[in-house]
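Participant: Sharing a structure with you now.
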Amino acid sequence: MQYGYFDEQNREYVITDPATPQAWANYLGSPEYGAIISNNAGGYSFVKSGASGRITRYRFNSVTTDQPGRYIYLRDMESGDYWSASWMPVGKPAERYKCVCRHGTAYTVISSEYSGIAAETLYYVPLRRSHEVWRAEITNKGDKPRSLAVTGYVEFTNEPYYEQDQVNLQYTLFISRTYFMGDRIMQRYNDNFKDPAKERFFGLAGADVAAYCGSRESFVGPYRGYHNPIGAERGLRGDLNYNSNSCGALQSEFTLAPGETVTLTYLLGQKPDKDAANLLAEYRLPGRADEEWAELKAYWHAKLDNLQVRTPDEKFNNMVNVWNAYQCFITFIWSRAASFQYCGLRNGYGYRDTVQDIQGIIHLAPDMARAQIEFMLSAQVSCGAGLPLVKYTHKAGYEDTPDDASYVKDTGHPSYRADDALWLFPTVKKYIDETGELAFLDYEIPFADKPEKAPVYEHLKRAVAFSMNNLGGHGMPAGLHADWNDCLRLGKMGESTFVLFQLYYAARVLKDYARRRGDGAYADYLDTLAADIGDKANTLCRDGDRWIRGFREDGGVIGKRGDAEASMWLNPQSWGVISGVSSAEYGKVTMDTAYRELNTPHGLMLMYPAYEKYAFPGALAVCFNKGAKENAGIFSQSQGWAILAEALLGRGDRAYEYWRETSPAYMNEKAEQRVIEPYAHGQFTEGKDSPFAGRSHVHWLTGTASTVMVASVEGILGLRPTPEGIVIDPSAPGCWKEWSMVKKLRGKTLRITVLNPHGAQSGVGSVTLNGKLLPGNLIADADMASENDIVVEMR
């Protein structure tokens with residue numbers, strides 16, 4: 001069943017049926033102020049941290065799904081009938097209530113019509129500001145005057161720490177108080193301190209406030225809910241909160257002539273009351289919201305314009321041009337901090353997550369990427385490892401580490417992970433390749449635990465050294481607390497094939513930089529290291545038609561042919577190709593095994609068969625049902641690596657097949673099966689052992705956004721910058737006979753046309769730059785003009 005469609009021209013996803021299988025969300029805001037909003041106006045807001053800066057409430061995993069939120073209630077003062085400007089929470093019958101939601105880039109518009117009254121509400125957080133705006137336009141579509149009472153409503157938290165607010169009720173119910181300040185409700189927690197930093201507000205500009213309420217209990221009423229609150233039914237009575245739950249509710253009353261529109265602008269934020277008053281005064285100026293909305297769209301669309309593609313597949317275009325790209329920015333900004341599944345308890349950035357997330361935006365916003373790379377390098381410990389969790393309050397040079405009991409207590413992370421710092425290599429490489437800034441290697445950054453600065457080049461050398469100082473019995477990188485798979489604990493001295501391949505990739509990247517810098521001795525060391533890794537891989541980890549997953553501490557093999565459970569794992573096969581350890585011939589063998597044993601109509605399972613009876617103690621995935629998450633689920637992040645591996649092997653049809661299987665857009669017509677949004681990747685999809693195979697979970701904040709974007713751009717489209725220019729080497733489906741791309745690179749515009757008359761899956765026959773035939777498929781930066789027309793013809 002289809003609930004909406006992609007509007008690529010406006011860069012929106014349009015939901016035409018509000019009864020979606022699950023709340024379909026969008027993100028508003030910035031690291032300073034974040035907000036999540038659903039297609040029915042559910043969601044919550046926070047300042048800086050979803051864990052410790054929560055402003056408004058949301059009830060996760062609740063029977064009354066997707067509540068509360070940002071609600072606007074309308075009541076006909078003559079008939080007494082009332083409804084909401086979004087379909088929920090009141091939920092009027094669909095045959096009489098029409099609703100459309102347009103999720104865009106950092107804004108959402110919900111339009112509805114009921115009983116001859118149209119409402120259109122724009123929700124957004126202005127650029128570089130730390131408050132949110134709800135601009136509601138109410139129009140009388142009928143032929144007679146209508147008298148309406150319109151009430152904006154939000155439920156505040158009593159305490160910004162999410163767990164405290166929800167659980168420690170013997171405390172939090174008695175610290176919050178609300179005040180009416182004329183055009184706003186002001187809430188203050190720990191009221192006796194009169195601390196302006198503990199003040200929130202919900203205000204109204206554009207109309208007078210006829211009535212108000214600051215008490216949730218008074219607004220909702222006993223034995224009622226948000227679908228039938230007494231405050232919407234009879235109007236507000238001026239109740240305020242003292243020793244209970246706070247809310248903000250502001251009621252306006254007016255009569256609309258036929259065709260007349262009134263505009264109400266609600267503001268929400270955490271600010272001292274005097275600042276709130278000044279802010280509301282700004283929004284009394286006509287056109288303010290339109291100006292901010294236009295600025296917001298221009299900002300995001302300019303970033304998306306750095307790469308636009310036109311292929312024969314509209315779903316591919318929509319994802320690469322808009323939704324996959326925008327999701328990459330959202331994961332880049334919010335990491336795994338706050339969604340409708342991540343409740344906001346992770347109070348920091350996961351190292352591996354964040355470093356990988358950067359990769360998805362490098363081709364669109366290299367300046368933003370660089371700032372985050374520098375930040376994550378400053379969270380690398382002087383021993384070479386990454387801090388498993390980087391606090392939002394991170395202070396480079398002065399952090400405690402997993403070697404300190406204080407860090408373990410604060411973060412819950414007892415030791416280093418084997419893979420964290422190795423993710424720096426593909427990320428730094430992609431940044432240098434995109435920008436050509438080899439000088440970045442000389443930029444000095446402190447370590448997390450040492451204030452003395454060291455060049456980026458030294459940071460990378462220490463990441464290699466950390467792996468080499470933590471080897472297992474076979475001389476492979478030790479598993480430590482975990483490698484990429486947190487549900488596979490190899491043991492401190494167990495060994496990971498995946499990390500072995502990462503280390504090989506790191507050695508290749510760093511060797512190139514060492515040669516460029518004249519560091520010959522270190523380059524020779526890396527050459528020897530890479531050769532040794534290749535020997536170990538082929539001697540210890542090659543098992544016929546597959547790479548094994550690794551070794552337990554006792555020497556037992558994980559991922560061996562013939563095992564009753566977990567005999568085949570995806571990531572070693574794809575990373576064997578990506579790293580370069582696999583030869584082209586053997587890479588095809590292992591990836592063919594993955595296709596045969598792991599592929600499903602919805603993507604490749606992470607491993608198979610699922611753990612059930614024979615799991616070893618470190619196989620924590622056995623706690624999940626078969627076909628879920630790491631226990632033979634289709635873990636979506638790994639799909640991007642599989643797509644990229646097939647593209648690097650030159651098998652464009654297979655890469656494209658995997659892309660379609662894992663693409664949310666290809667489930668748009670089967671949204672009831674997918675359940676979560678058809679415009680954003682999720683963390684995993686249930687595998688073939690599940691009775692609900694194809695159902696997806698844990699929306700938006702996932703590394704899938706980045707891996708699939710990289711696979712799409714570098715793999716299928718073949719756009720591969722180098723410090724010297726750009727190589728164009730597509731690995732696309734043979735059915736694509738022609739496509740075009742516009743890419744911005746180092747201040748230059750590249751208009752690229754790819755011709756594929758013979759239906760090749762890979763292989764470039766010729767490249768023409770501004771009418772001149774080039775000797776290969778590298779387009780040198782020095783040969784480019786400011787505007788460039790490029791024609792690539794495949795063999």
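How things are named: the first chain in the structure tokens is A, the next is B, and so on; residues count from 1 in each chain; ligands count from 1 in the order shown.
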Once DSSP has gone over the backbone, tell me which residues of range 167-249 of chain A are in helix (DSSP H, G or I), as a PyMOL selection string.
Facilitator: chain A and resi 167+169-172+191-193+196-198+216-220+230-234
Participant: Can you tell me which residues surround Ser579 in chain A at a distance of at most 10 Å, considering only C-alpha atoms, apart from same-chain residues fewer than 2 positions away, and format the answer as a PyMOL selection string?
Facilitator: chain A and resi 498+500-509+572+574-577+581-582+645
Participant: Write out the residues from the selection above, keeping all heavy atoms, as a compact mmCIF listing (two decimals), in the first residue's frame.
Facilitator:
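Saved file result_10.txt follows:
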# COMPACT_ATOMS: atom_id res chain seq x y z
N PHE A 498 37.53 -9.01 9.93
CA PHE A 498 37.05 -7.69 9.50
C PHE A 498 38.09 -6.63 9.83
O PHE A 498 38.48 -5.81 8.97
CB PHE A 498 35.73 -7.42 10.21
CG PHE A 498 34.99 -6.19 9.75
CD1 PHE A 498 33.73 -5.90 10.27
CD2 PHE A 498 35.49 -5.31 8.82
CE1 PHE A 498 33.01 -4.79 9.87
CE2 PHE A 498 34.78 -4.18 8.40
CZ PHE A 498 33.55 -3.92 8.94
N LEU A 500 41.23 -7.08 10.49
CA LEU A 500 42.44 -7.35 9.71
C LEU A 500 42.35 -6.67 8.35
O LEU A 500 43.32 -6.04 7.89
CB LEU A 500 42.61 -8.86 9.54
CG LEU A 500 43.86 -9.31 8.78
CD1 LEU A 500 45.11 -9.07 9.61
CD2 LEU A 500 43.76 -10.78 8.37
N PHE A 501 41.19 -6.75 7.71
CA PHE A 501 41.02 -6.10 6.41
C PHE A 501 41.03 -4.58 6.55
O PHE A 501 41.54 -3.88 5.68
CB PHE A 501 39.71 -6.56 5.77
CG PHE A 501 39.72 -8.02 5.34
CD1 PHE A 501 38.53 -8.68 5.07
CD2 PHE A 501 40.90 -8.72 5.20
CE1 PHE A 501 38.52 -10.01 4.66
CE2 PHE A 501 40.91 -10.06 4.80
CZ PHE A 501 39.72 -10.70 4.53
N GLN A 502 40.46 -4.06 7.63
CA GLN A 502 40.53 -2.62 7.86
C GLN A 502 41.97 -2.16 8.00
O GLN A 502 42.36 -1.10 7.50
CB GLN A 502 39.76 -2.24 9.13
CG GLN A 502 38.26 -2.23 9.01
CD GLN A 502 37.65 -1.68 10.29
OE1 GLN A 502 37.60 -2.35 11.32
NE2 GLN A 502 37.19 -0.45 10.22
N LEU A 503 42.77 -2.95 8.70
CA LEU A 503 44.17 -2.59 8.91
C LEU A 503 44.93 -2.62 7.58
O LEU A 503 45.79 -1.76 7.32
CB LEU A 503 44.82 -3.55 9.91
CG LEU A 503 46.28 -3.27 10.29
CD1 LEU A 503 46.45 -1.88 10.88
CD2 LEU A 503 46.78 -4.34 11.27
N TYR A 504 44.60 -3.57 6.72
CA TYR A 504 45.22 -3.61 5.39
C TYR A 504 44.86 -2.36 4.61
O TYR A 504 45.73 -1.75 3.96
CB TYR A 504 44.74 -4.87 4.66
CG TYR A 504 45.39 -5.09 3.31
CD1 TYR A 504 46.57 -5.81 3.20
CD2 TYR A 504 44.81 -4.59 2.14
CE1 TYR A 504 47.17 -6.03 1.96
CE2 TYR A 504 45.40 -4.79 0.90
CZ TYR A 504 46.58 -5.51 0.81
OH TYR A 504 47.17 -5.72 -0.42
N TYR A 505 43.58 -1.99 4.65
CA TYR A 505 43.14 -0.76 3.98
C TYR A 505 43.91 0.45 4.53
O TYR A 505 44.39 1.30 3.78
CB TYR A 505 41.64 -0.57 4.18
CG TYR A 505 41.06 0.65 3.53
CD1 TYR A 505 40.46 0.59 2.27
CD2 TYR A 505 41.09 1.90 4.16
CE1 TYR A 505 39.92 1.72 1.66
CE2 TYR A 505 40.56 3.03 3.56
CZ TYR A 505 39.98 2.94 2.32
OH TYR A 505 39.45 4.06 1.73
N ALA A 506 44.04 0.51 5.85
CA ALA A 506 44.77 1.62 6.48
C ALA A 506 46.21 1.67 6.01
O ALA A 506 46.76 2.74 5.73
CB ALA A 506 44.70 1.47 8.00
N ALA A 507 46.85 0.51 5.92
CA ALA A 507 48.24 0.46 5.48
C ALA A 507 48.38 0.97 4.04
O ALA A 507 49.34 1.69 3.72
CB ALA A 507 48.78 -0.97 5.60
N ARG A 508 47.43 0.62 3.18
CA ARG A 508 47.47 1.10 1.80
C ARG A 508 47.34 2.63 1.74
O ARG A 508 48.09 3.30 1.02
CB ARG A 508 46.33 0.47 0.99
CG ARG A 508 46.53 -0.99 0.64
CD ARG A 508 45.30 -1.51 -0.11
NE ARG A 508 45.01 -0.71 -1.29
CZ ARG A 508 43.81 -0.65 -1.86
NH1 ARG A 508 42.79 -1.32 -1.35
NH2 ARG A 508 43.63 0.07 -2.95
N VAL A 509 46.39 3.16 2.48
CA VAL A 509 46.16 4.60 2.47
C VAL A 509 47.37 5.34 3.03
O VAL A 509 47.87 6.31 2.43
CB VAL A 509 44.89 4.95 3.28
CG1 VAL A 509 44.78 6.47 3.48
CG2 VAL A 509 43.64 4.42 2.58
N PRO A 572 33.13 -9.76 6.14
CA PRO A 572 34.47 -10.14 5.64
C PRO A 572 34.52 -10.28 4.13
O PRO A 572 35.55 -10.00 3.50
CB PRO A 572 34.73 -11.49 6.33
CG PRO A 572 33.85 -11.50 7.52
CD PRO A 572 32.62 -10.73 7.12
N SER A 574 32.66 -8.54 1.82
CA SER A 574 32.67 -7.21 1.19
C SER A 574 33.96 -6.47 1.50
O SER A 574 34.56 -5.84 0.62
CB SER A 574 31.45 -6.41 1.62
OG SER A 574 31.38 -6.29 3.02
N TRP A 575 34.42 -6.56 2.73
CA TRP A 575 35.64 -5.83 3.08
C TRP A 575 36.90 -6.48 2.54
O TRP A 575 37.93 -5.82 2.39
CB TRP A 575 35.72 -5.61 4.59
CG TRP A 575 35.12 -4.28 4.92
CD1 TRP A 575 33.82 -4.00 5.17
CD2 TRP A 575 35.81 -3.03 4.95
NE1 TRP A 575 33.64 -2.66 5.35
CE2 TRP A 575 34.84 -2.04 5.24
CE3 TRP A 575 37.12 -2.65 4.77
CZ2 TRP A 575 35.18 -0.69 5.33
CZ3 TRP A 575 37.47 -1.30 4.87
CH2 TRP A 575 36.50 -0.34 5.15
N GLY A 576 36.82 -7.77 2.22
CA GLY A 576 37.94 -8.37 1.49
C GLY A 576 38.16 -7.67 0.16
O GLY A 576 39.30 -7.43 -0.26
N VAL A 577 37.06 -7.29 -0.50
CA VAL A 577 37.15 -6.58 -1.78
C VAL A 577 37.52 -5.12 -1.55
O VAL A 577 38.43 -4.58 -2.20
CB VAL A 577 35.81 -6.68 -2.54
CG1 VAL A 577 35.87 -5.84 -3.82
CG2 VAL A 577 35.49 -8.13 -2.87
N VAL A 581 42.44 -6.89 -0.16
CA VAL A 581 43.03 -8.19 0.18
C VAL A 581 42.56 -9.25 -0.82
O VAL A 581 43.35 -10.08 -1.30
CB VAL A 581 42.66 -8.61 1.61
CG1 VAL A 581 43.12 -10.04 1.89
CG2 VAL A 581 43.29 -7.66 2.62
N SER A 582 41.28 -9.24 -1.15
CA SER A 582 40.76 -10.20 -2.12
C SER A 582 41.26 -9.84 -3.52
O SER A 582 41.17 -8.68 -3.94
CB SER A 582 39.23 -10.19 -2.14
OG SER A 582 38.70 -10.69 -0.94
N ALA A 645 31.41 -3.16 -2.87
CA ALA A 645 32.29 -4.28 -3.25
C ALA A 645 31.95 -4.78 -4.65
O ALA A 645 32.84 -5.00 -5.48
CB ALA A 645 32.17 -5.41 -2.23
Participant: Pick from A:Lys303, A:Arg552, A:Lys430, A:Lys613: nearest to Ile362 in chain A, with only C-alpha atoms counted?
Facilitator: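 Once distances to Ile362 in chain A are computed over only C-alpha atoms, the minimum belongs to A:Lys430.
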Participant: Once DSSP has gone over the backbone, tell me which residues of range 457-577 of chain A are in strand (DSSP E or B), as a VMD selection string.
Facilitator: chain A and resid 471 477 to 478 480 488 495 to 496 542 to 543 546 to 547 550 to 551 557 to 558 568 to 569
Participant: Write the selection just made, keeping C-alpha atoms, as a PDB file, in the first residue's frame?
Facilitator:
ATOM      1  CA  LEU A 471      47.414  -8.591  18.435  1.00  0.00           C
ATOM      2  CA  PRO A 477      44.197  -7.609  15.393  1.00  0.00           C
ATOM      3  CA  ALA A 478      42.664  -8.588  18.707  1.00  0.00           C
ATOM      4  CA  LEU A 480      39.214  -6.301  22.400  1.00  0.00           C
ATOM      5  CA  LEU A 488      30.074 -10.457  18.546  1.00  0.00           C
ATOM      6  CA  GLU A 495      40.869 -12.024  16.431  1.00  0.00           C
ATOM      7  CA  SER A 496      38.775 -10.297  13.782  1.00  0.00           C
ATOM      8  CA  ARG A 542      40.444 -18.214   3.704  1.00  0.00           C
ATOM      9  CA  ASP A 543      38.003 -21.096   3.877  1.00  0.00           C
ATOM     10  CA  ARG A 546      34.512 -17.532   1.901  1.00  0.00           C
ATOM     11  CA  TRP A 547      36.495 -15.565   4.403  1.00  0.00           C
ATOM     12  CA  GLY A 550      37.554 -14.553  12.971  1.00  0.00           C
ATOM     13  CA  PHE A 551      38.863 -16.531  15.931  1.00  0.00           C
ATOM     14  CA  VAL A 557      36.898 -20.455  14.182  1.00  0.00           C
ATOM     15  CA  ILE A 558      33.836 -18.242  13.699  1.00  0.00           C
ATOM     16  CA  MET A 568      28.607 -17.410   6.531  1.00  0.00           C
ATOM     17  CA  TRP A 569      29.189 -13.714   7.367  1.00  0.00           C
TER      18      TRP A 569
END
Participant: Do you have the CA of Leu570 in chain A-CA of Tyr595 in chain A distance handy?
Facilitator: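 According to the coordinates, CA of Leu570 in chain A and CA of Tyr595 in chain A are separated by 9.3 Å.
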Participant: Restricting the calculation to only C-alpha atoms, which member of A:Ala514, A:Gly473, A:Ser786, A:Lys450 is positioned closest to Glu553 in chain A?
Facilitator: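 Smallest separation from Glu553 in chain A among the options: A:Gly473.
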Participant: List every residue of range 92-138 of chain A that has an atom at most 10 Å from any atom of range 143-159 of chain A, and for each one report the closest atom pair and its distance in Å to one decimal, counting only C-alpha atoms, with rows sorted by chain and then by increasing residue number, as a tab-separated table.
Facilitator:
residue	atom	partner	partner_atom	distance
A:Gly116	CA	A:Asp143	CA	8.8
A:Ile117	CA	A:Arg146	CA	8.7
A:Trp134	CA	A:Gly152	CA	9.2
A:Ala136	CA	A:Gly152	CA	9.6
A:Ile138	CA	A:Val150	CA	9.1
